[in-house]
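This is target.cif. It holds mmCIF, C-alpha atoms.
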```cif
data_upload
loop_
_atom_site.label_atom_id
_atom_site.label_comp_id
_atom_site.auth_asym_id
_atom_site.auth_seq_id
_atom_site.Cartn_x
_atom_site.Cartn_y
_atom_site.Cartn_z
CA MET A 1 21.87 -5.82 -7.81
CA THR A 2 25.35 -6.42 -9.01
CA THR A 3 27.71 -3.53 -9.65
CA THR A 4 26.54 -3.22 -13.26
CA ALA A 5 24.60 -0.05 -14.04
CA ARG A 6 20.87 -0.18 -13.41
CA PRO A 7 18.58 0.06 -16.41
CA ALA A 8 16.85 3.42 -16.91
CA TRP A 9 13.42 2.26 -15.75
CA LEU A 10 14.89 1.08 -12.47
CA THR A 11 16.59 4.40 -11.77
CA GLU A 12 13.16 6.05 -11.77
CA VAL A 13 12.18 3.98 -8.75
CA ARG A 14 12.91 5.74 -5.48
CA PHE A 15 14.12 3.26 -2.93
CA ASP A 16 14.35 4.48 0.65
CA GLU A 17 17.49 4.90 2.73
CA LYS A 18 17.53 1.14 3.30
CA GLY A 19 17.27 0.46 -0.43
CA LEU A 20 13.66 -0.70 -0.13
CA ILE A 21 10.28 0.30 -1.54
CA PRO A 22 6.81 -0.83 -0.38
CA ALA A 23 4.89 -2.94 -2.90
CA ILE A 24 1.14 -3.50 -2.76
CA SER A 25 -0.26 -6.73 -4.17
CA GLN A 26 -3.78 -6.37 -5.50
CA ASP A 27 -5.93 -9.06 -7.06
CA ALA A 28 -6.01 -8.09 -10.73
CA ILE A 29 -9.59 -9.20 -11.18
CA THR A 30 -11.43 -8.46 -7.94
CA GLY A 31 -9.39 -5.43 -6.88
CA GLN A 32 -8.97 -6.84 -3.37
CA ILE A 33 -5.77 -5.69 -1.71
CA LEU A 34 -3.91 -8.83 -0.73
CA MET A 35 -0.79 -7.70 1.10
CA VAL A 36 2.02 -5.19 1.30
CA ALA A 37 5.65 -6.26 1.30
CA TRP A 38 8.99 -4.67 0.47
CA MET A 39 11.28 -4.91 -2.53
CA ASN A 40 14.87 -3.99 -3.12
CA ALA A 41 16.19 -3.36 -6.63
CA GLU A 42 17.10 -7.00 -7.12
CA ALA A 43 13.63 -8.21 -6.11
CA LEU A 44 11.97 -5.70 -8.42
CA ALA A 45 14.21 -6.56 -11.36
CA GLU A 46 13.53 -10.28 -10.90
CA THR A 47 9.79 -9.64 -10.59
CA ALA A 48 9.77 -7.65 -13.83
CA GLN A 49 11.86 -10.25 -15.59
CA THR A 50 10.11 -13.40 -14.43
CA GLY A 51 6.54 -12.19 -13.98
CA ARG A 52 6.44 -13.66 -10.50
CA ALA A 53 6.32 -11.51 -7.36
CA VAL A 54 9.63 -11.46 -5.51
CA PHE A 55 10.06 -9.43 -2.34
CA TRP A 56 12.79 -8.63 0.14
CA SER A 57 12.14 -10.24 3.50
CA ARG A 58 13.17 -7.75 6.16
CA SER A 59 12.94 -10.39 8.88
CA ARG A 60 14.98 -13.01 7.05
CA ASN A 61 17.18 -10.48 5.26
CA ARG A 62 17.00 -12.27 1.93
CA LEU A 63 15.00 -12.45 -1.28
CA TRP A 64 11.58 -13.93 -0.75
CA ARG A 65 10.02 -15.49 -3.81
CA LYS A 66 6.40 -15.30 -2.70
CA GLY A 67 4.98 -18.81 -2.53
CA GLU A 68 8.36 -20.53 -2.29
CA GLU A 69 7.16 -22.47 0.76
CA SER A 70 3.39 -22.13 0.59
CA GLY A 71 2.95 -22.53 -3.14
CA HIS A 72 0.90 -19.33 -3.04
CA VAL A 73 2.75 -17.70 -5.89
CA GLN A 74 1.66 -14.33 -7.26
CA ARG A 75 1.70 -14.05 -11.05
CA LEU A 76 2.29 -10.49 -12.19
CA VAL A 77 -0.43 -9.10 -14.43
CA GLU A 78 0.48 -5.44 -14.29
CA LEU A 79 3.09 -3.33 -12.52
CA ARG A 80 2.57 0.32 -11.62
CA LEU A 81 4.55 3.09 -9.97
CA ASP A 82 3.07 6.06 -8.15
CA CYS A 83 3.60 9.76 -8.84
CA ASP A 84 6.44 10.11 -6.35
CA GLY A 85 8.06 6.90 -7.53
CA ASP A 86 8.22 5.53 -4.01
CA VAL A 87 5.43 2.94 -3.95
CA LEU A 88 4.83 0.02 -6.30
CA LEU A 89 1.52 -1.60 -7.17
CA LEU A 90 1.43 -5.19 -8.41
CA LYS A 91 -1.78 -6.40 -9.93
CA VAL A 92 -1.53 -10.14 -9.61
CA GLU A 93 -3.14 -13.49 -10.02
CA GLN A 94 -2.98 -15.08 -6.57
CA ILE A 95 -2.36 -18.80 -6.92
CA GLY A 96 -4.31 -20.75 -4.30
CA GLU A 97 -6.38 -17.68 -3.48
CA ILE A 98 -4.48 -17.20 -0.23
CA ALA A 99 -1.98 -14.37 0.22
CA CYS A 100 -1.71 -14.20 4.01
CA HIS A 101 0.42 -16.46 6.20
CA THR A 102 -2.63 -16.82 8.47
CA GLY A 103 -4.40 -18.74 5.70
CA ARG A 104 -6.65 -15.87 4.68
CA ALA A 105 -7.15 -14.42 1.22
CA SER A 106 -5.83 -11.03 2.33
CA CYS A 107 -3.59 -9.78 5.11
CA PHE A 108 -6.05 -6.94 5.75
CA TYR A 109 -8.58 -9.02 7.65
CA ARG A 110 -8.88 -6.82 10.73
CA ARG A 111 -11.53 -4.12 10.63
CA PHE A 112 -11.76 -1.13 12.92
CA GLU A 113 -15.09 -1.16 14.72
CA GLN A 114 -16.62 1.32 17.05
CA ASN A 115 -20.18 1.80 18.06
CA ALA A 116 -22.09 4.12 20.30
CA GLU A 117 -22.60 1.52 23.02
CA SER A 118 -18.97 0.56 23.27
CA LEU A 119 -16.59 3.23 24.42
CA SER A 120 -13.61 1.19 23.25
CA PRO A 121 -13.09 0.82 19.52
CA LYS A 122 -11.32 -2.38 18.49
CA TRP A 123 -9.84 -4.34 15.62
CA VAL A 124 -12.08 -7.25 14.69
CA SER A 125 -11.07 -10.18 12.48
CA VAL A 126 -13.80 -10.31 9.87
CA ASP A 127 -12.43 -12.56 7.11
CA PRO A 128 -12.37 -16.36 7.24
CA VAL A 129 -9.30 -18.58 7.45
CA LEU A 130 -9.43 -20.57 4.22
CA LYS A 131 -6.68 -23.03 5.10
CA ASP A 132 -4.94 -23.98 8.33
CA PRO A 133 -1.48 -22.35 8.32
CA GLU A 134 -0.02 -25.61 9.64
CA LEU A 135 -1.10 -27.25 6.43
CA ILE A 136 0.33 -24.42 4.34
CA TYR A 137 3.79 -24.46 5.91
CA LYS A 138 4.42 -28.11 6.51
CA MET B 139 -0.31 12.32 20.56
CA THR B 140 -0.21 14.02 23.88
CA THR B 141 1.32 12.33 26.85
CA THR B 142 -1.97 10.69 27.77
CA ALA B 143 -2.01 6.92 27.39
CA ARG B 144 -2.98 5.61 23.99
CA PRO B 145 -6.23 3.68 23.70
CA ALA B 146 -5.90 -0.09 23.38
CA TRP B 147 -6.77 -0.25 19.67
CA LEU B 148 -4.00 2.21 18.90
CA THR B 149 -1.38 0.22 20.76
CA GLU B 150 -2.00 -2.67 18.36
CA VAL B 151 -0.78 -0.54 15.49
CA ARG B 152 2.93 -0.95 14.85
CA PHE B 153 4.44 2.37 13.91
CA ASP B 154 7.99 2.30 12.55
CA GLU B 155 11.08 3.77 14.17
CA LYS B 156 9.99 7.21 12.96
CA GLY B 157 6.54 6.76 14.50
CA LEU B 158 4.90 6.33 11.09
CA ILE B 159 2.84 3.69 9.31
CA PRO B 160 1.98 3.51 5.59
CA ALA B 161 -1.71 3.89 4.78
CA ILE B 162 -3.29 2.84 1.50
CA SER B 163 -6.35 4.72 0.28
CA GLN B 164 -8.66 2.59 -1.84
CA ASP B 165 -11.89 3.66 -3.48
CA ALA B 166 -14.53 1.87 -1.41
CA ILE B 167 -16.77 1.20 -4.39
CA THR B 168 -14.51 0.60 -7.39
CA GLY B 169 -11.57 -0.93 -5.51
CA GLN B 170 -9.12 1.36 -7.32
CA ILE B 171 -6.03 2.12 -5.26
CA LEU B 172 -5.83 5.88 -5.02
CA MET B 173 -2.64 6.64 -3.12
CA VAL B 174 -0.33 5.69 -0.29
CA ALA B 175 0.62 8.16 2.42
CA TRP B 176 1.89 7.97 5.99
CA MET B 177 0.23 8.39 9.35
CA ASN B 178 1.52 8.97 12.82
CA ALA B 179 -0.58 8.10 15.88
CA GLU B 180 -2.17 11.53 15.97
CA ALA B 181 -3.19 11.37 12.29
CA LEU B 182 -4.66 7.92 12.76
CA ALA B 183 -6.57 8.88 15.89
CA GLU B 184 -8.03 11.94 14.17
CA THR B 185 -8.93 9.90 11.09
CA ALA B 186 -10.76 7.35 13.23
CA GLN B 187 -12.50 10.05 15.22
CA THR B 188 -13.57 12.35 12.41
CA GLY B 189 -14.07 9.91 9.54
CA ARG B 190 -11.86 12.03 7.29
CA ALA B 191 -8.43 10.88 6.12
CA VAL B 192 -5.61 12.69 7.90
CA PHE B 193 -1.99 11.87 7.12
CA TRP B 194 1.43 12.94 8.28
CA SER B 195 3.26 14.90 5.62
CA ARG B 196 6.89 13.84 5.71
CA SER B 197 7.92 16.72 3.44
CA ARG B 198 6.10 19.42 5.41
CA ASN B 199 6.55 17.68 8.76
CA ARG B 200 3.02 18.34 9.90
CA LEU B 201 -0.47 16.85 9.88
CA TRP B 202 -1.98 16.83 6.44
CA ARG B 203 -5.76 16.79 6.32
CA LYS B 204 -6.17 15.37 2.85
CA GLY B 205 -8.05 17.88 0.72
CA GLU B 206 -7.28 20.87 2.94
CA GLU B 207 -6.06 22.81 -0.10
CA SER B 208 -7.51 20.89 -3.03
CA GLY B 209 -10.90 20.12 -1.57
CA HIS B 210 -10.26 16.49 -2.49
CA VAL B 211 -11.20 15.14 0.90
CA GLN B 212 -11.32 11.39 1.54
CA ARG B 213 -14.30 10.21 3.59
CA LEU B 214 -13.52 7.08 5.55
CA VAL B 215 -15.84 4.17 4.82
CA GLU B 216 -13.80 1.38 6.40
CA LEU B 217 -10.46 1.09 8.16
CA ARG B 218 -8.39 -2.09 8.17
CA LEU B 219 -5.11 -3.26 9.64
CA ASP B 220 -2.93 -6.02 8.22
CA CYS B 221 -1.75 -9.19 9.92
CA ASP B 222 1.54 -7.68 11.07
CA GLY B 223 -0.14 -4.50 12.21
CA ASP B 224 2.24 -2.37 10.19
CA VAL B 225 0.11 -1.26 7.22
CA LEU B 226 -3.29 0.45 7.22
CA LEU B 227 -5.95 0.25 4.54
CA LEU B 228 -8.52 3.02 4.23
CA LYS B 229 -11.53 2.36 2.06
CA VAL B 230 -12.74 5.81 1.18
CA GLU B 231 -15.11 7.96 -0.77
CA GLN B 232 -12.88 10.28 -2.80
CA ILE B 233 -14.49 13.70 -3.03
CA GLY B 234 -13.94 15.22 -6.47
CA GLU B 235 -12.76 11.88 -7.84
CA ILE B 236 -9.16 13.07 -7.83
CA ALA B 237 -6.63 11.77 -5.31
CA CYS B 238 -3.33 12.67 -6.99
CA HIS B 239 -1.68 16.08 -6.95
CA THR B 240 -1.15 15.67 -10.70
CA GLY B 241 -4.92 15.92 -11.20
CA ARG B 242 -5.40 12.21 -11.82
CA ALA B 243 -7.83 9.88 -10.08
CA SER B 244 -4.99 7.74 -8.71
CA CYS B 245 -1.31 8.30 -8.00
CA PHE B 246 -0.56 4.94 -9.65
CA TYR B 247 -0.85 6.15 -13.22
CA ARG B 248 2.49 4.87 -14.52
CA ARG B 249 2.51 1.38 -15.96
CA PHE B 250 5.57 -0.75 -16.59
CA GLU B 251 5.74 -1.68 -20.26
CA GLN B 252 8.11 -3.91 -22.10
CA ASN B 253 7.76 -5.58 -25.42
CA ALA B 254 9.84 -7.84 -27.57
CA GLU B 255 10.75 -5.11 -30.03
CA SER B 256 11.97 -2.67 -27.43
CA LEU B 257 14.94 -3.73 -25.37
CA SER B 258 14.29 -0.99 -22.84
CA PRO B 259 11.27 -1.36 -20.59
CA LYS B 260 9.78 1.92 -19.41
CA TRP B 261 7.16 3.52 -17.19
CA VAL B 262 4.31 4.90 -19.29
CA SER B 263 1.65 7.34 -18.04
CA VAL B 264 -1.60 5.65 -18.98
CA ASP B 265 -4.28 7.49 -16.99
CA PRO B 266 -5.74 10.88 -17.95
CA VAL B 267 -5.31 14.15 -16.09
CA LEU B 268 -8.85 15.03 -15.03
CA LYS B 269 -8.10 18.54 -13.85
CA ASP B 270 -5.18 20.92 -14.32
CA PRO B 271 -3.18 20.96 -11.07
CA GLU B 272 -2.88 24.74 -11.36
CA LEU B 273 -6.64 24.92 -11.03
CA ILE B 274 -6.60 22.53 -8.07
CA TYR B 275 -3.98 24.41 -6.05
CA LYS B 276 -4.78 28.03 -6.79
#
```
Take the structure in the file and give it back as structure tokens.
Amino acid sequence: MTTTARPAWLTEVRFDEKGLIPAISQDAITGQILMVAWMNAEALAETAQTGRAVFWSRSRNRLWRKGEESGHVQRLVELRLDCDGDVLLLKVEQIGEIACHTGRASCFYRRFEQNAESLSPKWVSVDPVLKDPELIYK
Amino acid sequence: MTTTARPAWLTEVRFDEKGLIPAISQDAITGQILMVAWMNAEALAETAQTGRAVFWSRSRNRLWRKGEESGHVQRLVELRLDCDGDVLLLKVEQIGEIACHTGRASCFYRRFEQNAESLSPKWVSVDPVLKDPELIYK
């Protein structure tokens, strides 16, 4: 944000000590959880204003307009804030039906599995790759 | 965790610099997002072992067995990990159908609303209180 005062609605959002808040993207129709990313105040304000999900990339240290490279834009359908004001929920329309950089619909494709025969529980990839990542980020 | 070595599945989970990871609770049947809390390795291990959601309370600085006071236990149906390994998703059965300490089904009861007539967007509580919190925490 610039040095101008934040609007009232934005002051109710509790960013952490790094100025960030986690944001869950959920498919507005199916309810599937697509991904979790982070927003700073600027990303949130732009998301609210434009109706397109914008995050703060912690690895690249810059605004990340979801889909800017992949085309897999998230259109905002509804925005919610939790009771403590420290987590955001975006109900979205996922363009291209792929949210994950691995080419899957959702980032949460690994399921915890344990059974009586195996003494070692493990994370198992259970969701299909819908598109080769090399074709997404070309 | 004690000083014993962590099992392999647990080493794939990326806890942050405070040893914590955010965990989303989602109703396994309806897909409604109920809440987001934090886990440390001990909370996660106990959750996986017992099938009951256990978090790390950052305010009380101790393990928080969800429902220990309210009775609103979360039974684990499925546990997932995201592509980066730094967010957990718990699909749960919410006992009592109330996850939020305000007596609502979900903590995400505030919706962002803006309209052309009002210049000031705001967060509006749109979900009903199902039970008086004073009756929950008595």
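Minimum atom-to-atom distances from A:Glu69, A:Glu46, A:Glu97, A:Glu113 to chain B were compared using all atoms listed in the file, and the lowest value belongs to A:Glu113.
Residues of chain A having any atom within 6 Å of chain B, counting only C-alpha atoms, are Trp9, Gly31, Leu79, Arg80, Leu81, Asp82, Cys83, Cys107, Phe108, Arg110, Arg111, Phe112 and Lys122 of chain A.
Around Glu93 of chain A, within 9 Å and counting only C-alpha atoms, the residues found are Gln26, Asp27, Ala28, Ile29, Val73, Gln74, Arg75, Leu76, Val77, Lys91, Ile95 and Glu97 of chain A, once anything fewer than 2 positions away on its own chain is removed.
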**OP:** Counting only C-alpha atoms, note down every residue that has an atom within 9 Å of the point (10.2, -5.4, -6.3) (file coordinates), as number ranges by chain.
**Re:** A: 20-23, 37-48, 53-56, 88
**OP:** State, in Å with one decimal place, the distance from atom CA of Leu130 of chain A to atom CA of Ser70 of chain A.
**Re:** 13.4 Å
**OP:** Go through A:Gly71, A:Arg58, A:Gly103, A:Phe15 one by one, measure the shortest atom-to-atom distance of each to Pro128 of chain A using all atoms listed in the file, and give the residue with the smallest value.
**Re:** A:Gly103
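As for atom CA of Arg198 of chain B and atom CA of Tyr275 of chain B, they are spaced 16.1 Å apart.
Atom CA of Leu90 of chain A is found 4.8 Å from atom CA of Ser25 of chain A.
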**OP:** Would you list the contacts of Gly234 of chain B as a ChimeraX atom specification, taking every protein, DNA or RNA residue within 9 Å and counting all atoms listed in the file, but skipping same-chain residues closer than 2 positions in sequence?
**Re:** /B:209-211,232,236-237,243
